[in-house]
Each structure stands twice: as structure tokens, then as C-alpha cells.
Amino acid sequence: MTKRHAELTVTAGAAALTIAIGLWMWKRAAGPRRSDDAPGRTARRRDFGGYQVVGRTVTIAAPRSRIYAQWRDPALLNRILGDALAVRQDGTEGFGWTVALPAGEVEIQTRLVEDREDEALAWRSVEDAEIEVEAKVQLRDAPAGRGTEVEAHVAWRPRWGAAGRWAAHLGGTDPETLCSQALKRLKMLLETGEIATSGQGRTL
Amino acid sequence: MRALTWHGKHDVRVEEVPDPRILNPRDAIIEVTSTAICGSDLHLYDAVIPGMQAGDILGHEFMGRVVETGPGSTLRVGQRVVVPFTISCGACFFCRKGQFSACDNSNPVETQAATEPLYGHAMSGLFGYSHLTGGYPGGQADYVRVPFSDVGPIVVPDGVADEDVLFLSDILPTGWMAAENAQIEPGDSVAVWGCGPVGLFSVQAALLMGAGQVIAIDHHPNRLALARDLGAKVIDYRHSHVLDALMELTGGIGPDAVIDAVGMESHGFAPDNLLDSARQKMLPGADRAHALRMALLAVRKGGRVSIPGVYGGFASQFPLGALMQKGLQIRTGQTHVQGYTRPLLQRILEGQIDTTFLISHRLPLEDAAEGYRNFHGNQNEWTKVVLKPGQAPAPRR
């Protein structure tokens, strides 16, 4: 085999491989989404038309009514939200959330858009809110007497797109971290009557 | 107060630190009367466990007297208690199943995130064992804060000496659970790697559970002698081929059950261990799993593997083929201490179990750093160190 011949073979091989990978990726992107039973927020795709969707489910050994009461009352709710997040009620349906983002505090005005006792609560940002967001908490009985499955999810449109999302993530103030930490504190509080602390005030 | 604090590899110091305070309703403050250095503290001393911070107070084997209680504690001031090293709420799904070391509620929210990506789930809280398990200050100190004091601590009668019951905090239940996890049937041959405190207690437990013979493996003559005193046959891996010896001692069948009481810092001049040592120096979270590899090869087909030894990360050259092809069963885990303290205290009070044979050295808290140095450097003679915060330090020359 001449040197020229070998070069041609390698080039043709690389071209064929590129086309094959391209076709495979195109087919993958264009093909119908295979339906499965996984919740949408666990999809590999995290971006839903500019919205990020995150969420988490925990099982808490407590009846739905106690958990609903904890979410519905801002004073109780603030006990589980941590240092980076706080809520206050304005009127009957208005809720203002203060988030400590790396770039400074942001106030997000929301309205309670769903309130089904012992079942579900949802808040949606008002039209001129700083960040577009919808948060929902759903309660359902856990199997085998394990208590209540508490599912919280947040759909949000990050400021400054992906960069804003990563900045929030690194600062520990992204909705996913805030949401999962709030659920863990809620679980601790309702199951043990207290929120665990090492007294060190330091994190990894 | 004084406490033994960690500052880096082979650097621990007794320092003045702030006294602990009641922070949650179910807390209690214990004045420590006796506390031991655990073999697993040496993994911290060797800096092979990630998530340590300078100034962390070590110690997860301790007992003492209650000096302060929160409104939700069931303890009374003045009571003597032994405290399990696992911090458990008693109310979550796992605690209610008796799987106390899997407690969902004891590791603070902020530190749970460290082990979730590593293990798939957050670990529970442990005393003095890195910020992966909550960063709780440990008990090698004058005082210690004990969360969930209504669940963990066991009250001991006043007439019983500290040293008779101190090891209920960790190594006695750990050795016992290791033998339980080996699912011993009467007449079984059980091989135990490592004659440290947990290995020796699992030798003792396996014999009490009806093992026909227990074969203990180590290289320190003094530790092998302690195993022999308990009734074990011993193999010194520096003198004998362990796999051959085990086959010969079990009629060519192999041990019915094996217990790895060594964990992530295996010794021995073997090719896999040299490779592991190099990996451990370069990579965070690399485990030296020589003892476990040997155990998986030695155990008979269809046999049982119990792993009380501590592992933290990843092993290479893991004999997955032997595990599957021989149809082995593995049981392991941090000890569910709260489930063992009461029955084992009963056995101690009835004289069935003696734990004091293990103790080689008793030191005042002031000399804790020296205790670490010797427990690490002279494992043959230093089999167990008990620190006494109340004891006056020896005069210095």
C-alpha cells in the first residue's frame, strides 16, 4: 500500500464515521421521545422551552395534614427554608420569597395558584417578578404505612441563562439545592422534632 | 475544655477548645470519664478519609456522666452512660427497622450533599468522623454534646467499671454484628482477617455463636497470641501461605464464612497491595483492599462474607468473578450499635463476655497524641488505648 493510498483510506474512514455519528445523533434528536414512567424532571434534557425543571421527593413518617400545615404557614415554612431563602405572606394569596443569590438578594413575588388541603400547594411568580418561577408541593400517602411522599418541584427561568444557573448552583442557592435541603429539614423536624446540627456552622 | 484535635496527617494535638452547648431539645452534655482510640481513628490519622478539617475533635468511643440535658432528653444529670458512635434519631424509616447506622435525620442537611454523589445516599451522623458524617465533635475531650440522647446512650449501673462497658460504644457491637453477618451455623469454620480489637471481638462472638473453629490471620505476634487465648487457631501471614493454610485447616473445603476486620489500609507485601498503596497515595478515595480480596478467594463456594472493616471509596482489581461464580453472600455496614448495647451489656453483667483483655495502655487525655503515635507505630504491643480525661498527666522529666 502506498503512502498516498493509506492517507486516502484514513480520510475516507474518518468521513464515513463522521456521517454515521451525525446520522445517529440526528435520528436520536428527531425521533419520538420514548415514553417511560420516569418523572419529567429526571429527563436527561433539563431545559423545557427556556425553563429549568428540578425537584425531589422525600418520604416523611407523618400524616399529610401535618405536612400541609407546615407548608401553608409562612412562619413554620421559614424554619425549614435555611439561610438562603425566606418567605412572607402579603395578603391572602401573595407570597414574597427572598433568595440570597451569589450576586445579591432577590425578591420574588408569587401568588398561591393552587391550594388543595392535605394534597397540593403551588405558587407562581407574578407578571413583573424578578425571576419567572413556579413551585409546587404535592402530598400522597406512602405505601406500607411509611407516611407521606412529599414531592416538591420548581420550574424556573434562570437569569442570564445557563451561566446564571451554574452560578446559583456553585453558590448552593439553585432551586434544586434549596428544594432538597428544605425537604430534608422538614423531614427532620416532623420526624424528630428538631433540625440536626453539628454546631460547627461549617460545610464541606 | 481540653480536646484531641486533628490538624493533618499524623498531626493530632490536645488543645483548649470551647465547651459544648445544648443546641437541640434532645441533646445532652456528657463529662467524659473514659474514651478509646479506635482502629478506624487511624484512618483519619493517616488522612485517608476525606472531609476532615483542621481543628476537628476526634473520638467516637466514649462514656461518661451526664452533666446537662435538653428538655427532650430522657437522661438525668449524674447518670453514667455509654454512647454509641452512630448518631440515630430513632424515628426515621431506618431507625424503626433497627438499621440505626442508616439514620436519615442525624447528618446535618449541609453535609449530606458530600456523600450523596459518592454513595448514592447521604450517610448518617457519626461522632468525630469527618464532615462526610456530619462533622460532629467527638468524645476524646473533657465534654461532648450528644444529640438524640433519648435514643443512643445506655445507662450503666454504678458498680460496673468503665473498662467493662466502654467498648459497647463501638468495637464490641461491631465485632458482634460482624459475626452475625457471617450467619454462623454450628460447627462452621470462620476465618477472620485482622486481630485488631474488632477482629478479636468477632473471634469471641463467632465462638459464642457456635463456630466449630475460628482461624485468625495477622502478622503481629502479640495480637495473634490474644486471638489464640480466646480460642482461635492463628495464621501468621508472614510465615504461611494464607489461602493454602485455610484450605488445609478446613479439609479442602474452605472457610464457611470469612470476616474482613482489616478495611481500607491493608498490610502485607503482595503485588496488589503495593499497587493499592501507590493508588492511595495519589488518589483520594482509593481503598487498599488486599484483605478483602484474600477473603473472597478463601471462602468456600456458597459461603458468607462479612465486612466490618471500614472502606471509604473504590477498590481496583476487585474479584467480582469469584463473588459471582462461587455464589457468595456479602453483608457489611456501619454497626447498628443501638440494637446491640442492651443485650451485650447483659452478657457483660452475666460474665459471658470480657472486654478488658484488649486494653494495653491507659493514658491521661493530655497524652492522647502519644497514644495515637504508638497505636499507629507499634501495633504489636499497643492493642488498645483508653484515655482518661480525669486522670492527671504523668509528670514530665
# chains A, B, ... in the order shown; residues from 1 in each chain; ligands from 1

call {"tool": "closest_atom_pairs", "arguments": {"of": "chain B", "to": "chain A", "cutoff": "8 Å", "atoms": "only C-alpha atoms", "output": "CSV"}}
result
residue,atom,partner,partner_atom,distance
B:Leu23,CA,A:Gly199,CA,7.2
B:Asn24,CA,A:Glu194,CA,6.5
B:Pro25,CA,A:Glu194,CA,7.2
B:Gly51,CA,A:Leu204,CA,7.0
B:Cys89,CA,A:Thr192,CA,6.4
B:Ala91,CA,A:Glu191,CA,6.0
B:Cys92,CA,A:Glu191,CA,6.4
B:Phe93,CA,A:Arg146,CA,7.2
B:Asn105,CA,A:Met188,CA,5.4
B:Ser106,CA,A:Ala196,CA,5.7
B:Asn107,CA,A:Ala196,CA,6.6
B:Pro108,CA,A:Ala196,CA,4.9
B:Val109,CA,A:Gln181,CA,6.0
B:Glu110,CA,A:Thr203,CA,5.9
B:Thr111,CA,A:Thr203,CA,5.8
B:Ala114,CA,A:Leu204,CA,7.0
B:His131,CA,A:Leu204,CA,6.7
B:Gly134,CA,A:Ser198,CA,6.4
B:Gly135,CA,A:Ser198,CA,6.1
B:Tyr136,CA,A:Ser198,CA,4.8
B:Pro137,CA,A:Ser198,CA,7.2

call {"tool": "residues_around", "arguments": {"residues": "Gly285 of chain B", "least_positions_apart": "2", "cutoff": "7 Å", "atoms": "only C-alpha atoms", "output": "MDAnalysis selection string"}}
result
chainID B and resid 283 287 312:314

call {"tool": "closest_residue", "arguments": {"among": "B:Cys38, B:Ile57, B:Ala227, B:Ala257", "to": "Val190 of chain B", "atoms": "only C-alpha atoms"}}
result
B:Ala257

call {"tool": "residues_around", "arguments": {"residues": "segment 347-353 of chain B", "least_positions_apart": "2", "cutoff": "9 Å", "atoms": "only C-alpha atoms", "output": "list of chain:residue names"}}
result
B:Val160, B:Asp164, B:Val165, B:Gln204, B:Ala205, B:Leu208, B:Arg342, B:Pro343, B:Leu344, B:Leu345, B:Thr355

call {"tool": "write_last_selection", "arguments": {"atoms": "N, CA, C and O atoms", "output": "tab-separated table (two decimals), in the first residue's frame"}}
result
chain	number	residue	atom	x	y	z
B	160	VAL	N	-20.36	-0.98	88.06
B	160	VAL	CA	-19.58	-1.57	86.97
B	160	VAL	C	-18.47	-0.60	86.56
B	160	VAL	O	-18.70	0.59	86.40
B	164	ASP	N	-15.18	-2.17	81.77
B	164	ASP	CA	-16.02	-3.34	81.47
B	164	ASP	C	-17.05	-3.02	80.39
B	164	ASP	O	-17.54	-3.92	79.72
B	165	VAL	N	-17.44	-1.76	80.28
B	165	VAL	CA	-18.58	-1.42	79.40
B	165	VAL	C	-18.25	-0.41	78.30
B	165	VAL	O	-19.04	-0.20	77.39
B	204	GLN	N	-14.30	-13.76	69.32
B	204	GLN	CA	-15.02	-14.10	70.55
B	204	GLN	C	-16.51	-14.37	70.26
B	204	GLN	O	-17.08	-15.37	70.72
B	205	ALA	N	-17.11	-13.50	69.45
B	205	ALA	CA	-18.53	-13.63	69.14
B	205	ALA	C	-18.80	-14.89	68.31
B	205	ALA	O	-19.76	-15.63	68.56
B	208	LEU	N	-18.85	-17.83	70.50
B	208	LEU	CA	-20.08	-17.86	71.30
B	208	LEU	C	-21.28	-18.26	70.46
B	208	LEU	O	-22.24	-18.83	70.97
B	342	ARG	N	-28.00	-3.13	74.64
B	342	ARG	CA	-28.68	-3.74	75.77
B	342	ARG	C	-28.35	-5.24	75.92
B	342	ARG	O	-27.91	-5.67	76.99
B	343	PRO	N	-28.54	-6.05	74.85
B	343	PRO	CA	-28.19	-7.47	75.00
B	343	PRO	C	-26.72	-7.70	75.34
B	343	PRO	O	-26.41	-8.61	76.13
B	344	LEU	N	-25.83	-6.89	74.82
B	344	LEU	CA	-24.40	-7.11	75.11
B	344	LEU	C	-24.05	-6.65	76.53
B	344	LEU	O	-23.21	-7.27	77.18
B	345	LEU	N	-24.70	-5.57	77.00
B	345	LEU	CA	-24.47	-5.17	78.40
B	345	LEU	C	-24.88	-6.32	79.32
B	345	LEU	O	-24.18	-6.65	80.29
B	355	THR	N	-14.19	-7.79	78.10
B	355	THR	CA	-13.63	-6.94	77.05
B	355	THR	C	-12.30	-6.32	77.48
B	355	THR	O	-11.61	-5.72	76.68

call {"tool": "closest_residue", "arguments": {"among": "A:Asp128, A:Asp118, A:Asp174, A:Arg41", "to": "Arg56 of chain A", "atoms": "only C-alpha atoms"}}
result
A:Arg41

call {"tool": "select_by_dssp", "arguments": {"residues": "segment 54-107 of chain A", "states": "helix (DSSP H, G or I)", "output": "VMD selection string"}}
result
chain A and resid 64 to 72 74 to 81

call {"tool": "residues_around", "arguments": {"residues": "Ala141 of chain B", "least_positions_apart": "3", "cutoff": "12 Å", "atoms": "only C-alpha atoms", "output": "PyMOL selection string"}}
result
chain B and resi 1-5+13-20+29-37+56-64+127-128+137-138+144-145+364-368+387-390

call {"tool": "write_last_selection", "arguments": {"atoms": "C-alpha atoms", "output": "PDB file, in the first residue's frame"}}
result
ATOM      1  CA  MET B   1     -12.149  22.318  77.873  1.00  0.00           C
ATOM      2  CA  ARG B   2      -9.342  20.120  76.510  1.00  0.00           C
ATOM      3  CA  ALA B   3      -9.850  18.036  73.375  1.00  0.00           C
ATOM      4  CA  LEU B   4      -7.811  15.974  70.938  1.00  0.00           C
ATOM      5  CA  THR B   5      -7.938  17.794  67.627  1.00  0.00           C
ATOM      6  CA  ARG B  13      -2.938  17.768  69.406  1.00  0.00           C
ATOM      7  CA  VAL B  14      -4.579  18.229  72.759  1.00  0.00           C
ATOM      8  CA  GLU B  15      -5.854  21.800  72.785  1.00  0.00           C
ATOM      9  CA  GLU B  16      -8.136  24.154  74.661  1.00  0.00           C
ATOM     10  CA  VAL B  17     -11.427  24.477  72.783  1.00  0.00           C
ATOM     11  CA  PRO B  18     -14.837  25.971  73.685  1.00  0.00           C
ATOM     12  CA  ASP B  19     -17.113  23.802  75.836  1.00  0.00           C
ATOM     13  CA  PRO B  20     -20.014  22.136  74.000  1.00  0.00           C
ATOM     14  CA  ILE B  29     -23.803  17.040  77.561  1.00  0.00           C
ATOM     15  CA  ILE B  30     -21.605  14.249  78.885  1.00  0.00           C
ATOM     16  CA  GLU B  31     -18.494  14.671  81.016  1.00  0.00           C
ATOM     17  CA  VAL B  32     -16.215  12.041  79.507  1.00  0.00           C
ATOM     18  CA  THR B  33     -14.678   9.614  82.018  1.00  0.00           C
ATOM     19  CA  SER B  34     -13.171   7.136  79.530  1.00  0.00           C
ATOM     20  CA  THR B  35     -12.637   7.265  75.795  1.00  0.00           C
ATOM     21  CA  ALA B  36     -10.705   4.956  73.493  1.00  0.00           C
ATOM     22  CA  ILE B  37      -8.712   5.358  70.304  1.00  0.00           C
ATOM     23  CA  ASP B  56     -11.918  18.675  64.234  1.00  0.00           C
ATOM     24  CA  ILE B  57     -12.284  16.877  67.582  1.00  0.00           C
ATOM     25  CA  LEU B  58     -11.805  13.109  67.176  1.00  0.00           C
ATOM     26  CA  GLY B  59     -13.178  10.211  69.190  1.00  0.00           C
ATOM     27  CA  HIS B  60     -16.227   8.024  68.781  1.00  0.00           C
ATOM     28  CA  GLU B  61     -15.751   5.516  71.611  1.00  0.00           C
ATOM     29  CA  PHE B  62     -16.607   7.227  74.866  1.00  0.00           C
ATOM     30  CA  MET B  63     -18.618   7.141  78.056  1.00  0.00           C
ATOM     31  CA  GLY B  64     -19.156   9.401  80.995  1.00  0.00           C
ATOM     32  CA  PHE B 127     -19.152  11.304  66.244  1.00  0.00           C
ATOM     33  CA  GLY B 128     -15.731  12.664  65.322  1.00  0.00           C
ATOM     34  CA  PRO B 137     -17.199  16.937  67.561  1.00  0.00           C
ATOM     35  CA  GLY B 138     -16.011  13.637  69.042  1.00  0.00           C
ATOM     36  CA  VAL B 144     -19.108  16.133  74.453  1.00  0.00           C
ATOM     37  CA  ARG B 145     -22.530  17.071  73.144  1.00  0.00           C
ATOM     38  CA  PRO B 364      -4.478  10.698  80.568  1.00  0.00           C
ATOM     39  CA  LEU B 365      -6.171  12.768  77.836  1.00  0.00           C
ATOM     40  CA  GLU B 366      -3.107  15.053  77.825  1.00  0.00           C
ATOM     41  CA  ASP B 367      -1.056  12.195  76.350  1.00  0.00           C
ATOM     42  CA  ALA B 368      -3.565  11.334  73.622  1.00  0.00           C
ATOM     43  CA  LEU B 387      -7.813   7.776  77.510  1.00  0.00           C
ATOM     44  CA  LYS B 388      -8.873   9.098  80.890  1.00  0.00           C
ATOM     45  CA  PRO B 389      -9.724  12.800  80.823  1.00  0.00           C
ATOM     46  CA  GLY B 390      -9.953  12.872  84.628  1.00  0.00           C
TER      47      GLY B 390
END

call {"tool": "atom_distance", "arguments": {"atom1": "atom CA of Val54 of chain A", "atom2": "atom CA of Pro175 of chain A"}}
result
7.1 Å

call {"tool": "residues_around", "arguments": {"residues": "Trp160 of chain A", "least_positions_apart": "4", "cutoff": "12 Å", "atoms": "only C-alpha atoms", "output": "list in words"}}
result
Gly50, Ala103, Ile131, Gly164, Arg165, Trp166, Ala167 and Ala168 of chain A

call {"tool": "atom_distance", "arguments": {"atom1": "atom CA of Gln346 of chain B", "atom2": "atom CA of Ser149 of chain B"}}
result
20.6 Å

call {"tool": "residues_around", "arguments": {"residues": "Phe375 of chain B", "least_positions_apart": "2", "cutoff": "10 Å", "atoms": "only C-alpha atoms", "output": "PDB file with C-alpha atoms, in the first residue's frame"}}
result
ATOM      1  CA  ILE B  37      -8.712   5.358  70.304  1.00  0.00           C
ATOM      2  CA  CYS B  38     -10.317   3.198  67.633  1.00  0.00           C
ATOM      3  CA  GLY B  39      -8.510   1.438  64.797  1.00  0.00           C
ATOM      4  CA  LEU B  42      -6.044   5.623  62.464  1.00  0.00           C
ATOM      5  CA  SER B 360      -2.796  -2.489  76.625  1.00  0.00           C
ATOM      6  CA  HIS B 361      -2.436   1.152  77.655  1.00  0.00           C
ATOM      7  CA  ALA B 369      -1.214  12.369  70.796  1.00  0.00           C
ATOM      8  CA  GLU B 370       1.403   9.968  72.130  1.00  0.00           C
ATOM      9  CA  GLY B 371      -1.308   7.308  72.250  1.00  0.00           C
ATOM     10  CA  TYR B 372      -2.056   7.843  68.565  1.00  0.00           C
ATOM     11  CA  ARG B 373       1.636   7.721  67.664  1.00  0.00           C
ATOM     12  CA  GLY B 377       3.511   2.777  65.036  1.00  0.00           C
ATOM     13  CA  ASN B 378       3.675  -0.172  67.417  1.00  0.00           C
ATOM     14  CA  GLN B 379       0.551  -2.175  66.719  1.00  0.00           C
ATOM     15  CA  ASN B 380       2.035  -5.333  68.120  1.00  0.00           C
ATOM     16  CA  GLU B 381       2.234  -4.062  71.690  1.00  0.00           C
ATOM     17  CA  TRP B 382      -0.335  -1.247  71.618  1.00  0.00           C
ATOM     18  CA  THR B 383      -3.552  -3.213  71.128  1.00  0.00           C
ATOM     19  CA  LYS B 384      -5.992  -0.728  72.669  1.00  0.00           C
ATOM     20  CA  VAL B 385      -5.541   2.685  74.222  1.00  0.00           C
TER      21      VAL B 385
END

call {"tool": "closest_residue", "arguments": {"among": "A:Val137, A:Ala163, A:Leu8, A:Leu76", "to": "Glu117 of chain A", "atoms": "only C-alpha atoms"}}
result
A:Val137
